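S.K.: Just one file: work.csv, with CSV, C-alpha atoms and all ligand atoms.
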chain,number,residue,atom,x,y,z
A,1,MET,CA,-13.3,-74.0,135.1
A,2,ASN,CA,-12.0,-70.5,135.9
A,3,ALA,CA,-14.3,-67.7,137.1
A,4,LEU,CA,-14.9,-66.2,133.6
A,5,GLU,CA,-15.6,-69.6,132.1
A,6,LYS,CA,-18.0,-70.2,135.0
A,7,GLN,CA,-19.8,-66.9,134.4
A,8,PHE,CA,-20.2,-67.6,130.7
A,9,HIS,CA,-21.5,-71.1,131.4
A,10,GLU,CA,-24.1,-69.6,133.7
A,11,TRP,CA,-25.2,-67.0,131.1
A,12,LYS,CA,-25.5,-69.8,128.5
A,13,ASN,CA,-27.8,-71.7,130.9
A,14,HIS,CA,-30.1,-68.7,131.2
A,15,LEU,CA,-30.2,-68.3,127.4
A,16,LEU,CA,-31.9,-71.7,126.9
A,17,VAL,CA,-35.3,-70.2,127.5
A,18,TYR,CA,-34.7,-67.6,124.9
A,19,LYS,CA,-33.9,-70.3,122.4
A,20,PHE,CA,-37.3,-71.9,123.2
A,21,ALA,CA,-39.0,-68.5,122.7
A,22,LEU,CA,-37.3,-68.2,119.3
A,23,ASP,CA,-38.6,-71.7,118.4
A,24,GLU,CA,-42.2,-70.6,119.4
A,25,ILE,CA,-42.1,-67.5,117.2
A,26,ASN,CA,-40.5,-69.3,114.3
A,27,THR,CA,-43.2,-71.9,114.4
A,28,LYS,CA,-45.9,-69.2,114.5
A,29,LEU,CA,-44.4,-67.4,111.6
A,30,SER,CA,-43.9,-70.4,109.4
A,31,ILE,CA,-47.6,-71.5,110.0
A,32,LEU,CA,-48.8,-68.0,109.1
A,33,SER,CA,-46.6,-68.0,106.0
A,34,GLU,CA,-47.8,-71.4,104.8
A,35,GLU,CA,-51.5,-70.5,105.5
A,36,PHE,CA,-51.2,-67.1,103.7
A,37,GLU,CA,-49.6,-68.8,100.7
A,38,PHE,CA,-52.4,-71.4,100.6
A,39,MET,CA,-55.2,-68.8,100.9
A,40,HIS,CA,-53.8,-66.0,98.7
A,41,ASN,CA,-51.3,-67.6,96.4
A,42,HIS,CA,-48.7,-65.2,97.5
A,43,ASN,CA,-46.2,-65.3,100.4
A,44,PRO,CA,-45.6,-62.0,102.3
A,45,MET,CA,-42.5,-63.4,104.0
A,46,GLU,CA,-39.4,-63.8,101.8
A,47,HIS,CA,-37.0,-64.9,104.6
A,48,ILE,CA,-37.1,-65.5,108.3
A,49,LYS,CA,-33.8,-65.4,110.2
A,50,SER,CA,-33.3,-65.7,113.9
A,51,ARG,CA,-30.4,-65.4,116.3
A,52,LEU,CA,-29.6,-65.5,120.0
A,53,LYS,CA,-27.5,-62.6,121.2
A,54,GLU,CA,-24.0,-63.8,122.4
A,55,PRO,CA,-23.3,-63.3,126.1
A,56,THR,CA,-20.5,-60.9,125.1
A,57,SER,CA,-22.9,-58.7,123.1
A,58,ILE,CA,-25.4,-58.8,126.0
A,59,MET,CA,-22.7,-57.6,128.3
A,60,SER,CA,-21.7,-54.8,125.9
A,61,LYS,CA,-25.3,-53.7,125.7
A,62,LEU,CA,-25.5,-53.6,129.5
A,63,LYS,CA,-22.3,-51.6,129.6
A,64,ARG,CA,-23.6,-49.2,127.0
A,65,LYS,CA,-26.7,-48.7,129.2
A,66,GLY,CA,-24.5,-48.1,132.3
A,67,LEU,CA,-25.9,-51.2,134.0
A,68,ALA,CA,-24.2,-53.9,136.2
A,69,LEU,CA,-23.3,-57.1,134.3
A,70,THR,CA,-25.9,-59.4,136.0
A,71,VAL,CA,-28.3,-61.9,134.5
A,72,GLU,CA,-31.2,-60.1,136.3
A,73,ASN,CA,-30.3,-56.9,134.5
A,74,ALA,CA,-30.0,-58.7,131.2
A,75,LYS,CA,-33.4,-60.3,131.6
A,76,ARG,CA,-35.0,-57.0,132.6
A,77,TYR,CA,-33.3,-54.5,130.3
A,78,VAL,CA,-31.9,-56.4,127.2
A,79,LEU,CA,-35.1,-57.2,125.3
A,80,ASP,CA,-33.4,-58.4,122.1
A,81,ILE,CA,-31.6,-61.4,123.5
A,82,ALA,CA,-33.9,-63.5,121.2
A,83,GLY,CA,-34.2,-61.8,117.8
A,84,VAL,CA,-36.1,-62.7,114.6
A,85,ARG,CA,-35.8,-60.8,111.4
A,86,VAL,CA,-38.6,-61.2,108.8
A,87,THR,CA,-37.9,-59.9,105.3
A,88,CYS,CA,-41.0,-59.1,103.3
A,89,SER,CA,-41.6,-58.4,99.6
A,90,PHE,CA,-43.5,-55.1,100.0
A,91,VAL,CA,-44.1,-52.5,102.6
A,92,ALA,CA,-47.8,-53.4,103.0
A,93,ASP,CA,-46.8,-57.0,103.8
A,94,ILE,CA,-44.8,-55.8,106.8
A,95,TYR,CA,-48.0,-54.5,108.4
A,96,LYS,CA,-49.9,-57.7,107.4
A,97,VAL,CA,-47.3,-59.8,109.1
A,98,HIS,CA,-47.5,-57.6,112.2
A,99,ASP,CA,-51.3,-57.8,112.3
A,100,MET,CA,-51.4,-61.5,111.8
A,101,LEU,CA,-48.9,-62.2,114.6
A,102,CYS,CA,-50.1,-59.7,117.1
A,103,GLN,CA,-53.7,-60.8,117.0
A,104,GLN,CA,-52.7,-64.2,118.5
A,105,ASP,CA,-54.0,-64.7,122.0
A,106,ASP,CA,-50.8,-65.7,123.6
A,107,ILE,CA,-48.7,-62.9,122.2
A,108,GLN,CA,-48.3,-59.7,124.2
A,109,VAL,CA,-46.8,-56.7,122.5
A,110,LEU,CA,-44.5,-54.8,124.8
A,111,LYS,CA,-43.1,-52.2,122.5
A,112,VAL,CA,-43.4,-51.0,118.9
A,113,LYS,CA,-40.9,-48.8,117.0
A,114,ASP,CA,-42.0,-47.9,113.5
A,115,TYR,CA,-38.8,-46.7,111.8
A,116,ILE,CA,-40.7,-46.8,108.5
A,117,HIS,CA,-43.0,-44.0,109.3
A,118,GLU,CA,-40.3,-42.3,111.3
A,119,PRO,CA,-36.9,-43.3,109.9
A,120,LYS,CA,-33.7,-42.8,112.0
A,121,PRO,CA,-31.6,-39.7,111.1
A,122,ASN,CA,-29.2,-41.9,109.2
A,123,GLY,CA,-32.1,-43.2,107.0
A,124,TYR,CA,-32.6,-46.6,108.8
A,125,ARG,CA,-36.0,-48.0,108.1
A,126,SER,CA,-37.5,-51.1,109.6
A,127,PHE,CA,-40.5,-52.1,111.8
A,128,HIS,CA,-39.5,-53.3,115.3
A,129,LEU,CA,-41.6,-54.9,117.9
A,130,ILE,CA,-40.9,-56.6,121.2
A,131,VAL,CA,-43.4,-59.3,122.0
A,132,GLU,CA,-43.6,-61.6,125.0
A,133,VAL,CA,-44.4,-65.2,124.3
A,134,PRO,CA,-45.1,-68.0,126.9
A,135,VAL,CA,-42.6,-70.9,127.1
A,136,PHE,CA,-44.0,-74.0,128.7
A,137,LEU,CA,-41.3,-75.6,130.8
A,138,ALA,CA,-41.5,-78.8,132.9
A,139,ASP,CA,-42.6,-77.1,136.2
A,140,HIS,CA,-43.5,-73.6,135.2
A,141,THR,CA,-44.4,-71.2,132.4
A,142,GLU,CA,-42.1,-68.3,131.6
A,143,ARG,CA,-43.0,-65.3,129.5
A,144,VAL,CA,-40.0,-64.4,127.3
A,145,PRO,CA,-39.4,-61.3,125.3
A,146,VAL,CA,-38.4,-61.6,121.6
A,147,GLU,CA,-37.5,-58.7,119.3
A,148,ILE,CA,-39.0,-59.0,115.8
A,149,GLN,CA,-37.6,-56.8,113.1
A,150,ILE,CA,-39.8,-56.7,109.9
A,151,ARG,CA,-38.5,-55.0,106.8
A,152,THR,CA,-38.5,-55.2,103.0
A,153,ILE,CA,-35.7,-56.8,101.0
A,154,ALA,CA,-34.6,-53.3,100.0
A,155,MET,CA,-34.5,-52.0,103.6
A,156,ASP,CA,-32.7,-55.1,104.6
A,157,THR,CA,-30.0,-54.6,102.0
A,158,TRP,CA,-29.4,-51.0,103.1
A,159,ALA,CA,-29.4,-52.0,106.8
A,160,SER,CA,-27.0,-55.0,106.4
A,161,LEU,CA,-24.5,-52.9,104.4
A,162,GLU,CA,-24.8,-49.9,106.8
A,163,HIS,CA,-24.3,-52.3,109.7
A,164,LYS,CA,-21.2,-53.7,108.1
A,165,ILE,CA,-19.8,-50.2,107.3
A,166,PHE,CA,-20.9,-48.0,110.2
A,167,TYR,CA,-23.0,-49.4,113.0
A,168,LYS,CA,-21.2,-49.2,116.3
A,169,PHE,CA,-18.5,-47.1,114.5
A,170,GLU,CA,-16.6,-45.7,117.5
A,171,GLN,CA,-16.0,-42.2,116.0
A,172,ALA,CA,-18.4,-39.5,114.7
A,173,ILE,CA,-19.4,-40.3,111.1
A,174,PRO,CA,-18.2,-37.4,108.8
A,175,GLN,CA,-21.2,-35.2,107.8
A,176,GLU,CA,-20.6,-35.8,104.1
A,177,LEU,CA,-20.7,-39.6,104.5
A,178,LEU,CA,-23.9,-39.3,106.6
A,179,HIS,CA,-25.5,-37.3,103.8
A,180,GLU,CA,-24.5,-40.0,101.2
A,181,LEU,CA,-25.9,-42.7,103.5
A,182,LYS,CA,-29.2,-40.9,103.8
A,183,GLN,CA,-29.2,-40.4,100.0
A,184,ALA,CA,-28.8,-44.2,99.6
A,185,ALA,CA,-31.7,-44.7,102.1
A,186,ASP,CA,-33.9,-42.4,100.0
A,187,THR,CA,-33.1,-44.4,96.9
A,188,VAL,CA,-34.1,-47.5,98.7
A,189,LYS,CA,-37.4,-45.9,99.7
A,190,ALA,CA,-38.0,-44.8,96.1
A,191,LEU,CA,-37.4,-48.4,95.0
A,192,ASP,CA,-39.9,-49.8,97.6
A,193,ASP,CA,-42.5,-47.3,96.5
A,194,LYS,CA,-42.0,-48.1,92.8
A,195,MET,CA,-42.1,-51.9,93.3
A,196,GLU,CA,-45.3,-51.5,95.5
A,197,HIS,CA,-46.9,-49.4,92.8
A,198,ILE,CA,-46.0,-51.9,90.0
A,199,HIS,CA,-47.3,-54.8,92.1
A,200,TYR,CA,-50.6,-52.9,92.7
A,201,GLU,CA,-51.1,-52.1,89.0
A,202,VAL,CA,-50.4,-55.7,88.0
A,203,ASP,CA,-52.9,-56.9,90.6
A,204,GLN,CA,-55.5,-54.5,89.1
A,205,ILE,CA,-54.9,-55.9,85.6
A,206,LYS,CA,-55.2,-59.5,86.9
A,207,HIS,CA,-58.5,-58.6,88.6
A,208,LYS,CA,-60.0,-57.0,85.5
A,209,ARG,CA,-58.9,-59.9,83.3
A,210,ARG,CA,-60.4,-62.4,85.7
A,211,ALA,CA,-63.7,-60.4,85.8
A,212,VAL,CA,-63.8,-60.3,82.0
A,213,LEU,CA,-63.2,-64.1,81.8
A,214,GLU,CA,-65.9,-64.8,84.3
A,215,GLU,CA,-68.3,-62.7,82.4
A,216,ILE,CA,-67.5,-64.5,79.1
A,217,SER,CA,-67.9,-67.9,80.8
A,218,GLN,CA,-71.4,-66.9,82.1
A,219,ASP,CA,-72.6,-65.9,78.7
A,301,LIG,P1,-27.1,-55.7,116.9
A,301,LIG,O1,-25.6,-55.9,116.9
A,301,LIG,O2,-27.6,-55.7,115.5
A,301,LIG,O3,-27.9,-56.7,117.7
A,301,LIG,P2,-33.5,-50.0,123.4
A,301,LIG,O4,-32.9,-51.2,124.1
A,301,LIG,O5,-34.9,-50.2,122.9
A,301,LIG,O6,-33.4,-48.7,124.3
A,301,LIG,P3,-32.2,-50.5,121.0
A,301,LIG,O7,-32.0,-52.0,121.4
A,301,LIG,O8,-31.0,-49.9,120.3
A,301,LIG,O9,-32.6,-49.6,122.2
A,301,LIG,O10,-33.5,-50.5,120.1
A,301,LIG,P4,-33.7,-50.3,118.5
A,301,LIG,O11,-33.4,-48.9,118.1
A,301,LIG,O12,-35.0,-50.9,118.2
A,301,LIG,O13,-32.5,-51.2,117.9
A,301,LIG,C1,-32.5,-52.6,117.9
A,301,LIG,C2,-31.8,-53.2,116.8
A,301,LIG,O14,-32.2,-52.6,115.6
A,301,LIG,C3,-30.3,-53.0,116.9
A,301,LIG,O15,-29.7,-54.0,117.7
A,301,LIG,C4,-29.9,-53.2,115.4
A,301,LIG,O16,-29.9,-54.6,115.1
A,301,LIG,C5,-31.1,-52.6,114.7
A,301,LIG,N1,-30.7,-51.1,114.4
A,301,LIG,C6,-31.2,-50.1,115.1
A,301,LIG,N2,-30.7,-48.9,114.5
A,301,LIG,C7,-29.9,-49.3,113.4
A,301,LIG,C8,-29.2,-48.6,112.4
A,301,LIG,O17,-29.1,-47.4,112.4
A,301,LIG,N3,-28.6,-49.3,111.5
A,301,LIG,C9,-28.6,-50.7,111.4
A,301,LIG,N4,-28.0,-51.3,110.5
A,301,LIG,N5,-29.3,-51.4,112.4
A,301,LIG,C10,-30.0,-50.7,113.4
A,301,LIG,P5,-28.3,-53.7,118.5
A,301,LIG,O18,-28.3,-54.6,119.7
A,301,LIG,O19,-28.1,-52.3,118.7
A,301,LIG,O20,-27.3,-54.3,117.5
For this file, produce the structure as structure tokens.
M.R.:
Amino acid sequence: MNALEKQFHEWKNHLLVYKFALDEINTKLSILSEEFEFMHNHNPMEHIKSRLKEPTSIMSKLKRKGLALTVENAKRYVLDIAGVRVTCSFVADIYKVHDMLCQQDDIQVLKVKDYIHEPKPNGYRSFHLIVEVPVFLADHTERVPVEIQIRTIAMDTWASLEHKIFYKFEQAIPQELLHELKQAADTVKALDDKMEHIHYEVDQIKHKRRAVLEEISQD
């Protein structure tokens, strides 16, 4: 095994605990999702996807931050080694998922970035949080950070395409294209608002209808 291979092997060893942290969060989310569906007949989570950052991406992030490429620095400064993305149906669901998860006793919230209330200049909208979750190992317990990104299907479509086209684009993005990108993000926001409104109105109609039927059945 040459020096580089040895270094990679070491990094992979250290990543194991992040995989366990992902398993913990995924279990929590799937329990919440099933329980919510059972109680409310509606599932706020459309998809849950998780990934472990590759050692090469961890190293690039350390380089970008001007830090030495050590495992200690990665553990301390790269908080999205374990990442989960939850795609929700509606904007309100994002905050429901956040509340349900963060009220759990063993979850500690380290950082919240609400790019929905304050979108990035390019139009990026998403809700990010870094939480710490305990991982119970054979001889000790480790608290491991996990980045959770929660966004609607529409926000996710924009972000995935923007990521493909521009994210980490080495040169400055021409002003005109930045403007078009922002316009596309505004369209996505309008779509989210419209769908949320339609959903609310349909719910109101369902409630009224149920109330009328109950009244009739009591007569
Ligand atoms: P990748 O390749 O997706 O993993 P910080 O460490 O908190 O100082 P960081 O990590 O940039 O800074 O925090 P932030 O802003 O919360 O971004 C975390 C992740 O959100 C990014 O991870 C992206 O996945 C996503 N993201 C942030 N901004 C944008 C954006 O403008 N467009 C898209 N498509 N995604 C974005 P990475 O590691 O940078 O990249």
S.K.: Set the distance at 12 Å and use only C-alpha atoms: which residues neighbour Ile165 in chain A once local chain neighbours fewer than 6 positions away are removed? I'd like the list as a list in words.
M.R.: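 Near neighbours after the sequence-gap exclusion: Trp158, Ala159, Ile173, Leu177, Leu178 and Leu181 of chain A.
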S.K.: Write out as a list in words each polymer residue whose atoms come within 12 Å of Ser33 in chain A, counting all atoms listed in the file; drop sequence neighbours fewer than 6 positions from it.
M.R.: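 After dropping sequence-adjacent residues, the list is Asn26, Thr27, Met39, His40, Asn41, His42, Asn43, Pro44, Met45, Glu46, His47, Ile48, Val86, Thr87, Cys88, Asp93, Lys96, Val97, Met100 and Leu101 of chain A.
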S.K.: Near Thr152 in chain A, counting all atoms listed in the file, which residues have an atom at most 8 Å away, once you skip same-chain residues fewer than 5 positions from it, shown as an NGL selection string?
M.R.: :A and (87-91 or 94 or 126 or 192)
S.K.: Taking only C-alpha atoms into account, which of A:Lys182, A:Lys12, A:His163, A:Lys113 comes nearest Pro55 in chain A?
M.R.: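 For Pro55 in chain A, the nearest of the given residues is A:Lys12.
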S.K.: Could you please extract the residues within 9 Å of ligand LIG 301 (chain A), counting all atoms listed in the file, and hand them back as a ChimeraX atom specification?
M.R.: /A:53,57-58,61,65,77-81,83,111-115,120-130,147,149,156,158-168
S.K.: Select, from A:Arg209, A:Glu215, A:Met155, A:Tyr200, the residue with the minimum atom-to-atom distance to Val188 in chain A, counting all atoms listed in the file.
M.R.: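 Closest candidate: A:Met155.
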S.K.: CA of Ala92 in chain A and CA of Val144 in chain A, how far apart in Å?
M.R.: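 About the pair CA of Val144 in chain A and CA of Ala92 in chain A: they are 27.8 Å apart.
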S.K.: Between A:Lys208, A:Lys49, A:Arg64, A:His117, which has the minimum distance to Ser30 in chain A (counting only C-alpha atoms)?
M.R.: A:Lys49
S.K.: For CA of His98 in chain A and CA of Lys28 in chain A, determine how far apart the two atoms are, in Å to one decimal place.
M.R.: 11.9 Å
S.K.: From the list A:Ile153, A:Val133, A:Ala172, A:Met59, which residue is nearest Leu110 in chain A when using all atoms listed in the file?
M.R.: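 Of A:Ile153, A:Val133, A:Ala172, A:Met59, the one nearest Leu110 in chain A, counting all atoms listed in the file, is A:Val133.
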S.K.: Restricting the calculation to only C-alpha atoms, which member of A:His179, A:Lys75, A:His207, A:Arg85 is positioned closest to Glu142 in chain A?
M.R.: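 Using only C-alpha atoms, the shortest distance to Glu142 in chain A belongs to A:Lys75.
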S.K.: Record the distance separating CA of Glu35 in chain A and CA of Asp99 in chain A, expressed in Å with one decimal.
M.R.: 14.4 Å
